[in-house]
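So the structure is just underneath, and the comments pick up after that.
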Amino acid sequence: MIDSLSWYTAYPELLLLVMACAIAMVDLFVKSPMRGATYVLTLLTLAGVALLQGLYASSGDTVMGFGGMVVSDPMGNWLKCFAAVAMMATLVYGREYASHRDMLRGGEMFTLSLFALLGMFVMISGHNFLVIYLGLELLTLASYALVALRRDDLLATEAAMKYFVLGALASGFLLYGLSMVYGATGSLDLASVMKAIAGGEATLMGSPQVLTLGLVFVVAGLAFKLGVVPFHMWVPDVYHGAPTAITLLIGGAPKLAAFAIVIRLLVEGLMPLAFDWQQMLTVLAVMSLLVGNLAAIAQTNLKRMLAFSTISQMGFMLLGLLAGVVQGNSGNAANAYGSSMFYVVTYVLTTLGTFGVILLLSRKGFESENIADLAGLNQRSPLYAGVMAICMFSLAGVPPLVGFYAKLSVLQALLASSGSFYIGLAVFAVIMSLIGAFYYLRLVKVMYFDPPTQTADIQAGADARSVLSVNGALVLVLGIVPGGLMTLCAQAVASLMA
């Protein structure tokens with residue numbers, strides 16, 4: 001079962017695992033309060049893993065390993081590359097914030113981040129129900145610990161408890177659904193499951209009703225991980241309660257892994273049931289767009305506003321997944337799923353910039369987490385105000401920023417399906433985006449036209465300022481020339497569908 005190809009598929013994960021354990025050991029001898037050596041080693045590890053995944057992805061090969069339980073394909077490799085880069089940016093932005101809040105007493109933040117990333121890698125590479133679930137649990141267990149890293153902070157411990165209880169419930173949903181699908185098909189392997197379902201009742205081991213019920217639980221579990229309505233209860237509380245550096249860690253790279261398992265389970269495993277799961281995703285998407293955008297308007301806390309914004313953005317991403325199979329014809333699938341991948345990648349890029357500004361504006365004893373805290377930011381720091389404005393315009397879908405093309409690609413996938421229902425969904429999505437533009441543009445108005453409420457100097461390391469500048473520039477440049485990333489996403493998904 002374990003041949004040279006199997007090791008090839010798992011090299012990045014093995015490198016990450018070995019380095020996470022090594023860094024945990026090295027950190028025992030680090031005395032610096034800023035954990036300099038641990039920080040540098042972590043960034044070098046992430047850079048190495050990202051480079052390795054980029055090389056894997058650019059080769060365009062699809063390789064199965066460990067008896068078909070693990071897959072190395074362009075889509076997975078690009079998502080893992082982007083996840084590693086997102087984790088690097090998160091740690092660069094969050095290091096100073098964490099040290100001011102006594103979160104760097106040990107190197108747990110760095111080692112747990114690496115284990116969370118390892119969980120994402122396993123989720124993305126999994127081609128078997130158990131492997132995907134193991135990756136998911138590794139990610140969530142590391143996330144629970146990270147949210148509770150400020151043990152003396154009441155909000156953070158409350159958020160960690162809520163996240164833990166609701167996360168356990170969602171994991172139970174997903175596992176229960178997967179066990180039902182296993183009972184109906186007699187296999188844990190995604191390709192075998194798809195073959196059994198496609199063959200109809202003649203090839204199923206159990207009743208079709210069990211399979212459908214299993215699908216409902218699987219979609220519910222996935223919906224929780226994406227944070228879409230009505231499984232969104234944890235998102236505002238965890239975003240608000242968690243230390244801001246950890247909020248970014250939860251709201252950034254894991255979204256790429258969540259998208260990957262949606263594709264793995266629903267497209268690679270349960271594609272013959274597309275008619276059923278697309279109906280469920282339609283309800284989730286419409287409710288998320290409605291609740292997310294309307295609730296965000298009422299928020300005064302910036303982190304809660306961004307939490308509801310995330311809910312609506314994930315709802316928009318789901319719209320792309322709805323248009324893949326129309327009346328049994330999957331001709332639009334590669335285009336639709338490619339547009340969703342492009343959407344989630346650009347969303348994570350923009351989220352990094354948004355939270356990066358919030359983290360760099362926070363200082364010891366002060367959390368820059370209310371909308372009013374950003375008043376007059378342009379007078380205090382034109383760079384930070386500019387990056388935040390670019391990110392807000394992008395999230396609102398204003399051209400020529402990358403968020404506009406992300407929304408446009410999803411809407412184009414909906415319109416390409418030609419059904420009046422899908423055209424109606426596209427119109428609804430545009431109306432919701434207009435409502436959403438209000439609270440994004442309100443933040444720009446506060447930064448540029450309100451008098452400053454804070455007068456303290458803004459201090460940040462050269463590494464964080466440099467990464468923030470590149471982050472803002474990418475949101476702008478990828479909006480002006482989106483073709484490269486769009487093509488990359490389209491080809492990655494097309495190789496999956498081949």
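Residue numbering restarts at 1 in every chain; chains get A, B, ... in the order shown in the structure tokens, and ligands count up from 1 in that same order.
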Problem set entry | Long-range neighbours of Tyr337 in chain A as a ChimeraX atom specification, 7 Å cut-off, only C-alpha atoms, 2 positions minimum in chain | /A:320-321,324,333-335,339-341,493
Exercise. Could you pull the residues within 8 Å of range 459-466 of chain A, counting only C-alpha atoms, minus those fewer than 2 positions along the same chain, as a list in words?
Worked result: Val92, Tyr93, Glu96, Leu360, Leu361, Asp457, Leu468, Ser469 and Val470 of chain A
Exercise. Any idea what's packed within 9 Å of Leu319 in chain A, counting only C-alpha atoms, ignoring anything in its chain fewer than 2 positions away? Could you give it as a list in words?
Worked result: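 Here the answer would be Leu281, Thr282, Ala285, Val286, Met314, Gly315, Phe316, Met317, Leu321, Leu322, Ala323, Ala336, Ser340, Val410, Leu411, Ala413, Leu414, Leu425, Ala426 and Ala429 of chain A.
Note that the spacing between CA of Cys21 in chain A and CA of Val40 in chain A amounts to 15.1 Å.
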Problem set entry | Test item: residues at most 9 Å from range 342-351 of chain A, only C-alpha atoms, excluding those fewer than 3 positions along its chain, as a ChimeraX atom specification | /A:79,82,86,248,251-253,255-256,259,306,310,313-314,316-317,320,337-339,354-356,390-392,394-395,402-403,405-407,409-410,471-472,474-475,478,485-486,488-490
Only N, CA and C atoms, please: the residues just picked out, written as a compact mmCIF listing (two decimals), in the first residue's frame.
```
# COMPACT_ATOMS: atom_id res chain seq x y z
N LEU A 79 -4.54 25.08 -3.42
CA LEU A 79 -5.21 25.49 -2.17
C LEU A 79 -4.28 25.37 -0.98
N PHE A 82 -1.76 28.26 -1.16
CA PHE A 82 -2.39 29.52 -0.71
C PHE A 82 -2.63 29.50 0.80
N ALA A 86 -1.23 32.19 3.43
CA ALA A 86 -2.17 32.89 4.31
C ALA A 86 -1.76 32.74 5.77
N LEU A 248 -8.29 36.06 12.79
CA LEU A 248 -7.79 36.01 11.41
C LEU A 248 -7.38 34.58 11.05
N GLY A 251 -10.58 32.79 10.36
CA GLY A 251 -11.35 33.34 9.24
C GLY A 251 -10.61 33.37 7.92
N GLY A 252 -9.32 33.00 7.92
CA GLY A 252 -8.53 33.06 6.69
C GLY A 252 -8.34 31.70 6.05
N ALA A 253 -7.16 31.11 6.27
CA ALA A 253 -6.78 29.85 5.60
C ALA A 253 -7.81 28.71 5.72
N LYS A 255 -10.88 28.65 5.47
CA LYS A 255 -11.95 28.77 4.46
C LYS A 255 -11.55 28.02 3.18
N LEU A 256 -10.24 28.02 2.87
CA LEU A 256 -9.75 27.29 1.69
C LEU A 256 -9.94 25.79 1.89
N PHE A 259 -13.67 24.90 1.64
CA PHE A 259 -14.08 24.81 0.24
C PHE A 259 -13.62 23.48 -0.36
N LEU A 306 -17.49 42.15 10.48
CA LEU A 306 -16.77 41.30 9.53
C LEU A 306 -17.21 39.85 9.62
N THR A 310 -18.57 37.80 6.55
CA THR A 310 -18.07 36.46 6.16
C THR A 310 -19.22 35.54 5.81
N GLN A 313 -20.49 36.51 2.46
CA GLN A 313 -19.51 36.17 1.41
C GLN A 313 -19.50 34.67 1.13
N MET A 314 -19.61 33.86 2.17
CA MET A 314 -19.66 32.39 1.98
C MET A 314 -20.95 31.99 1.27
N PHE A 316 -22.40 33.82 -0.97
CA PHE A 316 -22.15 34.17 -2.38
C PHE A 316 -21.31 33.08 -3.05
N MET A 317 -20.30 32.59 -2.31
CA MET A 317 -19.43 31.53 -2.86
C MET A 317 -20.25 30.27 -3.18
N GLY A 320 -21.92 29.73 -6.68
CA GLY A 320 -21.15 29.11 -7.77
C GLY A 320 -21.33 27.60 -7.80
N TYR A 337 -17.52 25.66 -10.58
CA TYR A 337 -16.69 25.37 -9.39
C TYR A 337 -15.39 26.17 -9.44
N GLY A 338 -14.89 26.43 -10.64
CA GLY A 338 -13.69 27.28 -10.79
C GLY A 338 -13.96 28.69 -10.29
N SER A 339 -15.16 29.21 -10.59
CA SER A 339 -15.51 30.57 -10.14
C SER A 339 -15.62 30.62 -8.62
N THR A 354 -7.71 43.11 5.65
CA THR A 354 -8.64 43.77 6.58
C THR A 354 -8.20 43.56 8.03
N PHE A 355 -8.00 42.31 8.40
CA PHE A 355 -7.61 42.02 9.78
C PHE A 355 -6.17 42.45 10.06
N GLY A 356 -5.33 42.46 9.01
CA GLY A 356 -3.97 42.96 9.18
C GLY A 356 -3.96 44.39 9.69
N ILE A 390 -9.12 49.80 0.21
CA ILE A 390 -9.03 48.87 -0.93
C ILE A 390 -9.74 47.57 -0.59
N CYS A 391 -9.50 47.06 0.62
CA CYS A 391 -10.13 45.79 1.03
C CYS A 391 -11.65 45.93 1.15
N MET A 392 -12.11 47.07 1.69
CA MET A 392 -13.56 47.28 1.84
C MET A 392 -14.23 47.40 0.46
N SER A 394 -13.15 46.12 -2.25
CA SER A 394 -13.09 44.79 -2.87
C SER A 394 -14.20 43.89 -2.33
N LEU A 395 -14.39 43.90 -1.00
CA LEU A 395 -15.47 43.08 -0.41
C LEU A 395 -16.84 43.54 -0.90
N VAL A 402 -10.24 43.13 -7.00
CA VAL A 402 -10.39 41.70 -7.26
C VAL A 402 -11.75 41.15 -6.79
N GLY A 403 -12.34 41.76 -5.78
CA GLY A 403 -13.65 41.32 -5.29
C GLY A 403 -14.74 41.47 -6.34
N TYR A 405 -14.32 41.12 -9.65
CA TYR A 405 -14.20 40.01 -10.61
C TYR A 405 -14.60 38.68 -9.98
N ALA A 406 -14.40 38.53 -8.67
CA ALA A 406 -14.85 37.32 -7.98
C ALA A 406 -16.37 37.20 -8.06
N LYS A 407 -17.04 38.31 -7.75
CA LYS A 407 -18.51 38.32 -7.81
C LYS A 407 -18.99 38.12 -9.25
N SER A 409 -17.51 36.56 -11.69
CA SER A 409 -17.31 35.19 -12.18
C SER A 409 -18.39 34.25 -11.67
N VAL A 410 -18.82 34.45 -10.40
CA VAL A 410 -19.89 33.62 -9.85
C VAL A 410 -21.22 33.94 -10.56
N ASN A 471 -0.02 42.93 0.45
CA ASN A 471 -1.40 42.43 0.53
C ASN A 471 -2.36 43.38 -0.17
N GLY A 472 -2.26 44.66 0.17
CA GLY A 472 -3.13 45.67 -0.45
C GLY A 472 -2.89 45.77 -1.95
N LEU A 474 -1.78 43.44 -3.95
CA LEU A 474 -2.32 42.25 -4.64
C LEU A 474 -3.81 42.36 -4.89
N VAL A 475 -4.54 42.90 -3.91
CA VAL A 475 -6.00 43.07 -4.08
C VAL A 475 -6.27 44.00 -5.27
N LEU A 478 -4.53 42.19 -8.76
CA LEU A 478 -5.32 41.04 -9.23
C LEU A 478 -6.70 41.47 -9.73
N LEU A 485 -4.95 34.40 -12.25
CA LEU A 485 -5.53 33.63 -11.13
C LEU A 485 -6.81 32.93 -11.55
N MET A 486 -7.63 33.60 -12.36
CA MET A 486 -8.86 32.98 -12.86
C MET A 486 -8.55 31.71 -13.67
N LEU A 488 -5.82 29.91 -13.52
CA LEU A 488 -5.26 28.91 -12.61
C LEU A 488 -6.38 28.13 -11.91
N CYS A 489 -7.37 28.85 -11.38
CA CYS A 489 -8.50 28.19 -10.69
C CYS A 489 -9.31 27.33 -11.66
N ALA A 490 -9.56 27.87 -12.86
CA ALA A 490 -10.36 27.13 -13.84
C ALA A 490 -9.66 25.85 -14.27
```
Problem set entry | Selection near range 4-7 of chain A, 10 Å with only C-alpha atoms, sequence-local residues under 5 positions removed, as a PyMOL selection string | chain A and resi 12-14+63-72
Exercise. Which is closest to Pro382 in chain A among A:Met447, A:Val235, A:Val398, A:Ala258, if we use only C-alpha atoms?
Worked result: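 Closest candidate: A:Met447.
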For this session: Find the residue from A:Val165, A:Val467, A:Leu52, A:Ala116 that sits nearest to Gly94 in chain A; use only C-alpha atoms when measuring.
Result: A:Val467
Problem set entry | For CA of Leu130 in chain A and CA of Met19 in chain A, the interatomic separation in Å (one decimal) | 24.4 Å
